[in-house]
Structure formats: C-alpha cells, structure tokens
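Structure first, commentary second.
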Amino acid sequence: MAYRNLGSQTAEIDIKICERNYQEKGIGRIALSMLIKHLFHSGYAKIVLETNLNNTRSQHVYEKLGFQKLRVNRNSWQNQLGAWESSVDYALTIDTFHDFAV
Ligand SMILES: CC(C)(COP(=O)(O)OP(=O)(O)OC[C@H]1O[C@@H](n2cnc3c(N)ncnc32)[C@H](O)[C@@H]1OP(=O)(O)O)[C@@H](O)C(=O)NCCC(=O)NCCS
C-alpha cells in the first residue's frame, strides 16, 4: 500500500496484493482499513483513489469501505499495448468509512 499527500488535507492511496494466493481472503479490506484509519487520525479529511473500470473486485471492496464513486473517466489513458482504458475516481470521508480492522 502507499499514500500520497495531495494537499488540502487529501491523501491518494493505492494497494496491490501481488501474491494471488493472498487475494480474496479479506486481507485487502483489513489492510486498507488500517491505512485509512491511520490517515484520518493523522489529520487527513479526504481519501481519494482511482481504479480501472474493469476492476470490479476493487470497486466492490472500496464501496464496502464506504468510498463514493465520483466519476467514470472513459478512455482516459492508454496501456502498454496502446489500448484505451477507462478509470473510476472514488473519494472517502470519515462519516461513511466502514472500518474492517476493529
Ligand atoms: C483489490 C484488492 C486490494 C482487494 O483485496 P482482497 O483482499 O483481495 O479483497 P477482500 O478479500 O477483502 O474482498 C474481496 C471482495 O470482492 C468480491 N469480488 C471478487 N471478485 C469480484 C468481482 N469480479 N467483481 C466484484 N466483486 C468481486 C468478493 O466476493 C469479496 O466481497 P464480499 O466479501 O462482499 O463477498 C486485491 O484483490 C488486490 O490487490 N488485487 C490486485 C491489485 C488491484 O486490483 N489493486 C487495486 C487497484 S486500484
């Protein structure tokens, strides 16, 4: 996981569980909860992220955590093969945060 300070009390986060055997065991939502909780306690008011429109698993997990879908950016970037890809922007504030690390 990683986060970046975007200013204005906003952090952008990212996650990748590289070992497939460790995916879909509930680890992602717990690890994200721990990071998000730390960021809110550190003074961030908003957490944002971007994911691929095709990545329905990540969208499902982010929405369980309370992230709100802001917009879909259709054909917004080109992958390594030159194909256009679409992304989804999400944002989370503490009032809708569902903490899975309690
Ligand atoms: C996305 C990621 C962080 C999620 O973490 P995880 O530990 O695998 O996820 P969890 O086990 O906490 O939850 C998985 C959920 O997704 C659901 N799911 C699985 N495949 C799905 C799909 N194709 N579409 C929608 N939901 C799906 C599961 O049913 C489960 O939800 P449920 O508990 O409500 O049934 C992890 O899979 C990952 O790192 N993937 C590869 C990299 C990546 O996609 N990173 C995010 C880029 S922004």
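By convention in this document, the chains of the structure tokens carry letters A, B, ... by their order, each chain's residues are numbered from 1, and ligands are numbered from 1 in the order they are shown.
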
Query raised in the report: Thr96 (chain A): which residues within 10 Å, counting only C-alpha atoms, same-chain residues fewer than 6 positions away excluded, as number ranges by chain?
Result: A: 63-68

Requested in this report: Please provide as a PyMOL selection string all residues within 7 Å of Ser86 (chain A), with the sequence filter that same-chain residues fewer than 3 positions apart are discarded (counting only C-alpha atoms).
Outcome: chain A and resi 52-53+73-77

Proximity of chain A to ligand 1: per-residue shortest pair, 6 Å limit, only C-alpha atoms and all ligand atoms, as a Markdown table:
```
| residue | atom | partner | partner_atom_place_in_ligand_line | distance |
| --- | --- | --- | --- | --- |
| A:Asp14 | CA | ligand 1 | 48 (S) | 5.8 |
| A:Ile15 | CA | ligand 1 | 45 (N) | 5.1 |
| A:Lys16 | CA | ligand 1 | 39 (O) | 3.5 |
| A:Ile17 | CA | ligand 1 | 39 (O) | 3.5 |
| A:Gln23 | CA | ligand 1 | 8 (O) | 3.6 |
| A:Glu24 | CA | ligand 1 | 11 (O) | 3.2 |
| A:Lys25 | CA | ligand 1 | 11 (O) | 4.1 |
| A:Gly26 | CA | ligand 1 | 11 (O) | 3.3 |
| A:Ile27 | CA | ligand 1 | 7 (O) | 4.0 |
| A:Gly28 | CA | ligand 1 | 7 (O) | 3.3 |
| A:Arg29 | CA | ligand 1 | 12 (O) | 4.1 |
| A:Glu50 | CA | ligand 1 | 48 (S) | 5.9 |
| A:Thr51 | CA | ligand 1 | 48 (S) | 4.1 |
| A:Thr56 | CA | ligand 1 | 24 (N) | 4.1 |
| A:Arg57 | CA | ligand 1 | 27 (C) | 3.8 |
| A:Ser58 | CA | ligand 1 | 1 (C) | 4.0 |
| A:His60 | CA | ligand 1 | 26 (N) | 5.0 |
| A:Val61 | CA | ligand 1 | 15 (C) | 5.5 |
```

Using only C-alpha atoms, please write the residues we just selected to a file, as a PDB file, in the first residue's frame.
```pdb
ATOM      1  CA  ASP A  14      -3.034   2.632  -3.730  1.00  0.00           C
ATOM      2  CA  ILE A  15      -2.878  -1.091  -2.960  1.00  0.00           C
ATOM      3  CA  LYS A  16      -1.751  -4.275  -4.648  1.00  0.00           C
ATOM      4  CA  ILE A  17      -1.692  -7.751  -3.113  1.00  0.00           C
ATOM      5  CA  GLN A  23      -6.177 -12.194  -2.615  1.00  0.00           C
ATOM      6  CA  GLU A  24      -9.863 -12.569  -1.706  1.00  0.00           C
ATOM      7  CA  LYS A  25      -9.206 -13.677   1.868  1.00  0.00           C
ATOM      8  CA  GLY A  26     -10.365 -10.443   3.478  1.00  0.00           C
ATOM      9  CA  ILE A  27      -6.825  -9.098   3.829  1.00  0.00           C
ATOM     10  CA  GLY A  28      -7.332  -6.171   1.439  1.00  0.00           C
ATOM     11  CA  ARG A  29     -10.250  -4.640   3.315  1.00  0.00           C
ATOM     12  CA  GLU A  50      -8.501   5.788  -8.935  1.00  0.00           C
ATOM     13  CA  THR A  51      -9.106   2.270 -10.213  1.00  0.00           C
ATOM     14  CA  THR A  56     -14.998  -4.731 -10.416  1.00  0.00           C
ATOM     15  CA  ARG A  57     -13.403  -6.539  -7.454  1.00  0.00           C
ATOM     16  CA  SER A  58     -11.516  -3.462  -6.271  1.00  0.00           C
ATOM     17  CA  HIS A  60     -16.629  -3.715  -4.671  1.00  0.00           C
ATOM     18  CA  VAL A  61     -14.049  -3.566  -1.851  1.00  0.00           C
TER      19      VAL A  61
END
```

Requested in this report: Name the closest residue to Leu92 (chain A) among the candidates A:Glu12, A:Cys18, A:Met34, A:Asn55; distances are taken between atoms, counting only C-alpha atoms.
Outcome: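 Distance minimum relative to Leu92 (chain A) lands on A:Glu12.
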
Query raised in the report: Which of chain A counts as helix (DSSP H, G or I) under DSSP, as an NGL selection string please?
Result: :A and (20-22 or 27-41 or 56-65 or 94-96)

Query raised in the report: Quick one, how far is CA of Ile13 (chain A) from CA of Ser33 (chain A)?
Result: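 Those two atoms sit 11.6 Å apart.
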
Query raised in the report: In Å to one decimal, how far is CA of Arg71 (chain A) from CA of Asp99 (chain A)?
Result: 23.7 Å
